[in-house]
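Below: the structure, in structure tokens.
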Amino acid sequence: MHDRRHFLCQSAAAFAGIQILPRSVFGANEKLNIAFVGAGGKGWHAVQSLLENDLVNQVAFADVDEGHAAQSRKARPDTPFYSDFRKMLDQQGKSIDGVIISTPDHTHHFNAKTCMLAGKPVYLEKPLTHSIAEARDLMALEKQSGLACQMGNQGHSGGGILMLEEWVKAGVLGDVTEAHAWAGPQWSHDQPRPTGVPVPAGLDWNQWIGPAAMVPYSPKYMPAIWRGWFEFGCGTLGDWACHNMDAPYHVWGLDCPSRIEIESSGPIPLSFPKTVHITFTFPATAARGEFKIHWYHGENHALKRPPELEAERTFPDGGTLIRGSKATVLMGTHAGPPRVIPELKMRELAPSLPKVNLKRSNHWDNWLLAIKGQETCRSSFAYGGRLTETMLFANIALHVNRNLTIDPVTRSIVGDAEAAAMIHGPAAREGWKV
């Protein structure tokens, strides 16, 4: 065993029981031993993205579905595989430097908190959690433990946000009071509870259900389809808002909304509306006035094509539109690079636009270097939790089918007991509370 494994210490910021490896003991060129909880789907994307990364040793895979993890296991046949990530932590925990979690939304809190309590830095796919209370819990644990934790909205480390930030500082857009964000694919299931069928070989259904209430297995839940079921996923907002609302949320320094207004095709008890327009209102601060973000998905509430965009140019299926008093900017999905529209105006402005240094670590490397103490996580749980919380307030509004007033200081829903109770989400199933 490498000598550095013996230098576990108690962080002054962490509460009793969490032990954290001092970041100073990692050599500049030393690889980190990374484990993966969820090795299929988005998990396979993570494995694939880091196969040739010079900072990473892939030391363990954990997945409740052996078949879904087949590609990762084929790519790394000598990497130990577990059906229960807790056994992975028990058996290999002392040699694991960080954990990447790519599992359904309803398991994010349980999986991440378990790993964090074991002293492991976590990269957790978006949205951060399935409920607001869970997001707040992980944010608090990150702060207490000092662990390097990152939410997986990869565009946050891209060049688009950097460019937009500099353009706004330089006054390129002029006065801006609102932004528009949207997504193409919808996650909505207007159907009754699926009839249960036998669980396929290689799937641990009890573990897949995790902290949620037990329901019979159905192929209508997985893979990926769980996003549209209320008790497992966070719908289209959960899948896309952390990407396409990210740029304005960050650049204008937004936090907790004070008002959420909805238009939709109507609530679906077990799922999410097929088509929506949501208006998030953020209160004024000393640095800016009141700001609104409009969110759209679904054909009946789609954002209209901006008149500034030339007829021959494609209007993206998902992205961000920001209209200022001097210029209108269009960004692709995942906070893609901004472009002034129409193109003629972009060409006119190009010589005067700020020069932006886009050379920096990608989202994966940012987290890895943060574990080493060389960088700070850009989408830490402190940031990703607030963005997730904002989106989850809107999901509550969609579920109860009415507008919400929120106290941005106490971060509580005002005058609506039913909606306020949903901040906490359902109680964890027996044996799954952490």
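By order of appearance in the structure tokens: chains A, B, ..., then residues from 1 within every chain, and ligands from 1 in the order shown.
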If you take only C-alpha atoms and a cut-off of 12 Å, which residues of stretch 129-245 of chain A touch stretch 255-273 of chain A, and what are their nearest atom pairs and distances in Å to one decimal, in chain and number order, as a Markdown table?
| residue | atom | partner | partner_atom | distance |
| --- | --- | --- | --- | --- |
| A:Ile132 | CA | A:Cys256 | CA | 11.7 |
| A:Gln186 | CA | A:Pro273 | CA | 9.0 |
| A:Trp187 | CA | A:Phe272 | CA | 7.2 |
| A:Ser188 | CA | A:Phe272 | CA | 5.2 |
| A:His189 | CA | A:Ser271 | CA | 5.6 |
| A:Asp190 | CA | A:Ile268 | CA | 6.4 |
| A:Gln191 | CA | A:Leu270 | CA | 8.0 |
| A:Pro192 | CA | A:Leu270 | CA | 7.6 |
| A:Arg193 | CA | A:Leu270 | CA | 7.7 |
| A:Pro194 | CA | A:Leu270 | CA | 10.7 |
| A:Tyr221 | CA | A:Ser271 | CA | 11.7 |
| A:Ile225 | CA | A:Ser271 | CA | 11.1 |
| A:Trp226 | CA | A:Ser271 | CA | 9.7 |
| A:Arg227 | CA | A:Ser271 | CA | 9.0 |
| A:Gly228 | CA | A:Ser271 | CA | 5.7 |
| A:Trp229 | CA | A:Ser271 | CA | 4.7 |
| A:Phe230 | CA | A:Ser271 | CA | 4.7 |
| A:Glu231 | CA | A:Leu270 | CA | 7.4 |
| A:Phe232 | CA | A:Ser271 | CA | 9.6 |
| A:Gly233 | CA | A:Ser271 | CA | 8.8 |
| A:Cys234 | CA | A:Phe272 | CA | 8.3 |
| A:Gly235 | CA | A:Phe272 | CA | 6.2 |
| A:Thr236 | CA | A:Phe272 | CA | 8.2 |
| A:Leu237 | CA | A:Phe272 | CA | 9.5 |
| A:Gly238 | CA | A:Phe272 | CA | 10.9 |
So that I have them on file, write out the residues from the current selection with C-alpha atoms, as a compact mmCIF listing (two decimals), in the first residue's frame.
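The resulting file, selection-v3.txt, is reproduced below:
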# COMPACT_ATOMS: atom_id res chain seq x y z
CA ILE A 132 -34.82 20.47 -1.62
CA GLN A 186 -39.65 15.91 -22.47
CA TRP A 187 -39.96 13.39 -19.65
CA SER A 188 -43.66 12.85 -19.03
CA HIS A 189 -45.66 9.63 -18.52
CA ASP A 190 -49.43 10.12 -18.68
CA GLN A 191 -50.25 6.57 -17.62
CA PRO A 192 -51.18 4.59 -14.50
CA ARG A 193 -48.75 2.67 -12.35
CA PRO A 194 -47.10 0.00 -14.55
CA TYR A 221 -38.89 2.55 -15.27
CA ILE A 225 -37.23 6.33 -18.32
CA TRP A 226 -37.22 6.85 -14.55
CA ARG A 227 -36.61 10.57 -15.23
CA GLY A 228 -40.30 11.00 -16.00
CA TRP A 229 -41.64 9.26 -12.87
CA PHE A 230 -42.19 11.65 -9.98
CA GLU A 231 -40.88 9.34 -7.24
CA PHE A 232 -37.63 8.59 -9.07
CA GLY A 233 -36.75 11.53 -11.33
CA CYS A 234 -37.09 15.28 -11.61
CA GLY A 235 -38.56 15.41 -15.11
CA THR A 236 -37.39 17.63 -17.93
CA LEU A 237 -36.43 20.40 -15.50
CA GLY A 238 -34.19 18.01 -13.60
Check: Within 12 Å of A:Thr107, counting only C-alpha atoms, which residues qualify if same-chain residues fewer than 6 places away don't, as a PyMOL selection string?
Finding: chain A and resi 37-38+64+85+101+113-114+124-131+134+206-213+226+231-234+428-429+432-434
Could you take the residues named above and write them with N, CA and C atoms, as an mmCIF file, in the first residue's frame?
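Wrote it out as part_29.cif, contents follow:
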data_model
loop_
_atom_site.group_PDB
_atom_site.id
_atom_site.type_symbol
_atom_site.label_atom_id
_atom_site.label_comp_id
_atom_site.auth_asym_id
_atom_site.auth_seq_id
_atom_site.Cartn_x
_atom_site.Cartn_y
_atom_site.Cartn_z
ATOM 1 N N VAL A 37 -19.918 4.791 -8.972
ATOM 2 C CA VAL A 37 -21.193 4.239 -8.512
ATOM 3 C C VAL A 37 -22.211 4.538 -9.607
ATOM 4 N N GLY A 38 -22.609 3.505 -10.310
ATOM 5 C CA GLY A 38 -23.343 3.646 -11.555
ATOM 6 C C GLY A 38 -22.338 3.564 -12.683
ATOM 7 N N VAL A 64 -26.131 -1.626 -9.683
ATOM 8 C CA VAL A 64 -27.158 -2.587 -9.276
ATOM 9 C C VAL A 64 -27.638 -3.433 -10.455
ATOM 10 N N PHE A 85 -22.568 -0.610 -3.722
ATOM 11 C CA PHE A 85 -21.431 0.297 -3.552
ATOM 12 C C PHE A 85 -20.949 0.341 -2.108
ATOM 13 N N ILE A 101 -20.674 9.502 -9.025
ATOM 14 C CA ILE A 101 -21.995 8.891 -8.837
ATOM 15 C C ILE A 101 -22.898 9.261 -10.008
ATOM 16 N N LYS A 113 -24.182 10.981 0.283
ATOM 17 C CA LYS A 113 -23.928 11.186 1.707
ATOM 18 C C LYS A 113 -23.174 10.001 2.305
ATOM 19 N N THR A 114 -23.522 8.789 1.876
ATOM 20 C CA THR A 114 -22.795 7.614 2.363
ATOM 21 C C THR A 114 -21.316 7.707 2.023
ATOM 22 N N LEU A 124 -21.105 14.270 -8.396
ATOM 23 C CA LEU A 124 -22.481 13.790 -8.403
ATOM 24 C C LEU A 124 -23.226 14.384 -9.595
ATOM 25 N N GLU A 125 -23.807 13.513 -10.415
ATOM 26 C CA GLU A 125 -24.525 13.994 -11.592
ATOM 27 C C GLU A 125 -25.673 14.921 -11.194
ATOM 28 N N LYS A 126 -26.055 15.769 -12.151
ATOM 29 C CA LYS A 126 -27.177 16.681 -11.920
ATOM 30 C C LYS A 126 -28.506 15.938 -12.117
ATOM 31 N N PRO A 127 -29.615 16.470 -11.536
ATOM 32 C CA PRO A 127 -29.627 17.509 -10.518
ATOM 33 C C PRO A 127 -29.030 16.966 -9.230
ATOM 34 N N LEU A 128 -28.630 17.836 -8.350
ATOM 35 C CA LEU A 128 -27.904 17.370 -7.173
ATOM 36 C C LEU A 128 -28.702 16.331 -6.397
ATOM 37 N N THR A 129 -29.993 16.590 -6.185
ATOM 38 C CA THR A 129 -30.817 15.689 -5.378
ATOM 39 C C THR A 129 -32.243 15.659 -5.899
ATOM 40 N N HIS A 130 -33.047 14.825 -5.268
ATOM 41 C CA HIS A 130 -34.447 14.648 -5.643
ATOM 42 C C HIS A 130 -35.369 15.564 -4.857
ATOM 43 N N SER A 131 -34.904 16.098 -3.739
ATOM 44 C CA SER A 131 -35.714 17.020 -2.935
ATOM 45 C C SER A 131 -34.854 18.179 -2.455
ATOM 46 N N GLU A 134 -32.884 17.410 0.737
ATOM 47 C CA GLU A 134 -31.685 16.601 0.462
ATOM 48 C C GLU A 134 -30.549 17.484 -0.047
ATOM 49 N N ASN A 206 -34.298 -4.207 -5.349
ATOM 50 C CA ASN A 206 -34.395 -3.599 -4.026
ATOM 51 C C ASN A 206 -33.409 -2.442 -3.899
ATOM 52 N N GLN A 207 -32.196 -2.647 -4.394
ATOM 53 C CA GLN A 207 -31.196 -1.587 -4.336
ATOM 54 C C GLN A 207 -31.513 -0.460 -5.316
ATOM 55 N N TRP A 208 -32.066 -0.814 -6.476
ATOM 56 C CA TRP A 208 -32.419 0.234 -7.435
ATOM 57 C C TRP A 208 -33.478 1.157 -6.816
ATOM 58 N N ILE A 209 -34.472 0.574 -6.166
ATOM 59 C CA ILE A 209 -35.502 1.363 -5.491
ATOM 60 C C ILE A 209 -34.888 2.194 -4.360
ATOM 61 N N GLY A 210 -33.938 1.627 -3.628
ATOM 62 C CA GLY A 210 -33.235 2.369 -2.593
ATOM 63 C C GLY A 210 -34.168 3.010 -1.585
ATOM 64 N N PRO A 211 -34.051 4.332 -1.360
ATOM 65 C CA PRO A 211 -34.846 4.991 -0.321
ATOM 66 C C PRO A 211 -36.300 5.260 -0.711
ATOM 67 N N ALA A 212 -36.672 5.026 -1.979
ATOM 68 C CA ALA A 212 -38.047 5.282 -2.409
ATOM 69 C C ALA A 212 -38.975 4.183 -1.912
ATOM 70 N N ALA A 213 -40.282 4.427 -1.951
ATOM 71 C CA ALA A 213 -41.259 3.398 -1.592
ATOM 72 C C ALA A 213 -41.201 2.267 -2.616
ATOM 73 N N TRP A 226 -36.908 6.419 -15.907
ATOM 74 C CA TRP A 226 -37.217 6.849 -14.551
ATOM 75 C C TRP A 226 -37.278 8.376 -14.426
ATOM 76 N N GLU A 231 -41.567 9.838 -8.434
ATOM 77 C CA GLU A 231 -40.883 9.344 -7.236
ATOM 78 C C GLU A 231 -39.423 8.975 -7.483
ATOM 79 N N PHE A 232 -39.006 8.966 -8.756
ATOM 80 C CA PHE A 232 -37.627 8.593 -9.074
ATOM 81 C C PHE A 232 -36.825 9.720 -9.725
ATOM 82 N N GLY A 233 -37.455 10.500 -10.583
ATOM 83 C CA GLY A 233 -36.746 11.527 -11.333
ATOM 84 C C GLY A 233 -37.257 12.918 -11.056
ATOM 85 N N CYS A 234 -36.699 13.884 -11.754
ATOM 86 C CA CYS A 234 -37.094 15.283 -11.612
ATOM 87 C C CYS A 234 -37.583 15.851 -12.938
ATOM 88 N N ALA A 428 -37.656 8.443 3.766
ATOM 89 C CA ALA A 428 -36.886 7.331 3.224
ATOM 90 C C ALA A 428 -37.470 5.997 3.699
ATOM 91 N N ARG A 429 -37.440 5.001 2.821
ATOM 92 C CA ARG A 429 -37.887 3.671 3.164
ATOM 93 C C ARG A 429 -37.054 3.123 4.334
ATOM 94 N N TRP A 432 -33.092 2.813 4.769
ATOM 95 C CA TRP A 432 -32.416 3.615 3.739
ATOM 96 C C TRP A 432 -32.232 5.066 4.151
ATOM 97 N N LYS A 433 -32.399 5.347 5.418
ATOM 98 C CA LYS A 433 -32.158 6.709 5.893
ATOM 99 C C LYS A 433 -30.672 6.860 6.256
ATOM 100 N N VAL A 434 -30.097 7.947 5.813
ATOM 101 C CA VAL A 434 -28.683 8.176 6.110
ATOM 102 C C VAL A 434 -28.496 9.607 6.611
#
Checklist line | Which of stretch 92-248 of chain A DSSP labels strand (DSSP E or B), written as a list in words | finding: Gly98, Val99, Ile100, Ile101, Val122, Tyr123, Leu124, Gln150, Met151, Glu178, Ala179, His180, Ala181, Trp182, Ala183 and Leu203 of chain A
Check: DSSP on the backbone: what in stretch 278-375 of chain A comes out alpha helix (DSSP H), as a ChimeraX atom specification?
Finding: /A:343-349,363-371
How would the residues just picked look written out with N, CA and C atoms as a PDB file, in the first residue's frame?
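The result, stored in result35.pdb:
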ATOM      1  N   GLU A 343     -26.340  37.713 -37.152  1.00  0.00           N
ATOM      2  CA  GLU A 343     -24.930  37.519 -37.431  1.00  0.00           C
ATOM      3  C   GLU A 343     -24.257  38.808 -37.884  1.00  0.00           C
ATOM      4  N   LEU A 344     -24.978  39.648 -38.595  1.00  0.00           N
ATOM      5  CA  LEU A 344     -24.402  40.909 -39.042  1.00  0.00           C
ATOM      6  C   LEU A 344     -23.946  41.754 -37.859  1.00  0.00           C
ATOM      7  N   LYS A 345     -24.750  41.762 -36.798  1.00  0.00           N
ATOM      8  CA  LYS A 345     -24.365  42.536 -35.613  1.00  0.00           C
ATOM      9  C   LYS A 345     -23.191  41.885 -34.901  1.00  0.00           C
ATOM     10  N   MET A 346     -23.146  40.546 -34.906  1.00  0.00           N
ATOM     11  CA  MET A 346     -22.008  39.847 -34.306  1.00  0.00           C
ATOM     12  C   MET A 346     -20.717  40.258 -35.003  1.00  0.00           C
ATOM     13  N   ARG A 347     -20.751  40.341 -36.326  1.00  0.00           N
ATOM     14  CA  ARG A 347     -19.556  40.721 -37.084  1.00  0.00           C
ATOM     15  C   ARG A 347     -19.162  42.170 -36.808  1.00  0.00           C
ATOM     16  N   GLU A 348     -20.166  43.015 -36.631  1.00  0.00           N
ATOM     17  CA  GLU A 348     -19.869  44.413 -36.324  1.00  0.00           C
ATOM     18  C   GLU A 348     -19.209  44.561 -34.961  1.00  0.00           C
ATOM     19  N   LEU A 349     -19.684  43.771 -33.992  1.00  0.00           N
ATOM     20  CA  LEU A 349     -19.173  43.869 -32.621  1.00  0.00           C
ATOM     21  C   LEU A 349     -17.870  43.107 -32.400  1.00  0.00           C
ATOM     22  N   HIS A 363     -14.510  19.979 -16.716  1.00  0.00           N
ATOM     23  CA  HIS A 363     -15.267  19.788 -15.474  1.00  0.00           C
ATOM     24  C   HIS A 363     -14.725  18.602 -14.664  1.00  0.00           C
ATOM     25  N   TRP A 364     -14.355  17.514 -15.366  1.00  0.00           N
ATOM     26  CA  TRP A 364     -13.780  16.358 -14.671  1.00  0.00           C
ATOM     27  C   TRP A 364     -12.462  16.744 -14.003  1.00  0.00           C
ATOM     28  N   ASP A 365     -11.558  17.337 -14.800  1.00  0.00           N
ATOM     29  CA  ASP A 365     -10.233  17.668 -14.275  1.00  0.00           C
ATOM     30  C   ASP A 365     -10.308  18.713 -13.173  1.00  0.00           C
ATOM     31  N   ASN A 366     -11.263  19.630 -13.270  1.00  0.00           N
ATOM     32  CA  ASN A 366     -11.436  20.612 -12.212  1.00  0.00           C
ATOM     33  C   ASN A 366     -11.700  19.921 -10.875  1.00  0.00           C
ATOM     34  N   TRP A 367     -12.578  18.901 -10.893  1.00  0.00           N
ATOM     35  CA  TRP A 367     -12.859  18.155  -9.665  1.00  0.00           C
ATOM     36  C   TRP A 367     -11.628  17.382  -9.201  1.00  0.00           C
ATOM     37  N   LEU A 368     -10.952  16.720 -10.123  1.00  0.00           N
ATOM     38  CA  LEU A 368      -9.766  15.933  -9.758  1.00  0.00           C
ATOM     39  C   LEU A 368      -8.674  16.825  -9.171  1.00  0.00           C
ATOM     40  N   LEU A 369      -8.462  17.977  -9.788  1.00  0.00           N
ATOM     41  CA  LEU A 369      -7.444  18.903  -9.277  1.00  0.00           C
ATOM     42  C   LEU A 369      -7.869  19.522  -7.952  1.00  0.00           C
ATOM     43  N   ALA A 370      -9.182  19.652  -7.750  1.00  0.00           N
ATOM     44  CA  ALA A 370      -9.670  20.144  -6.454  1.00  0.00           C
ATOM     45  C   ALA A 370      -9.387  19.131  -5.354  1.00  0.00           C
ATOM     46  N   ILE A 371      -9.514  17.836  -5.666  1.00  0.00           N
ATOM     47  CA  ILE A 371      -9.162  16.803  -4.682  1.00  0.00           C
ATOM     48  C   ILE A 371      -7.697  16.952  -4.276  1.00  0.00           C
TER      49      ILE A 371
END
Next item on the list: Write out as a ChimeraX atom specification which residues come within 12 Å of A:Glu312 when counting only C-alpha atoms, dropping same-chain ones fewer than 3 positions away.
Entry: /A:308-309,315,342-343
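Among A:Ser72, A:Leu173, A:Gly119, A:Leu141, the residue with the shortest atom-to-atom distance to A:Thr328, counting only C-alpha atoms, is A:Leu173.
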Item checked: A:Ala60, A:Ile341, A:Leu147, A:Ile413 ranked by distance to A:Arg313, top pick (using only C-alpha atoms) -> A:Ile341
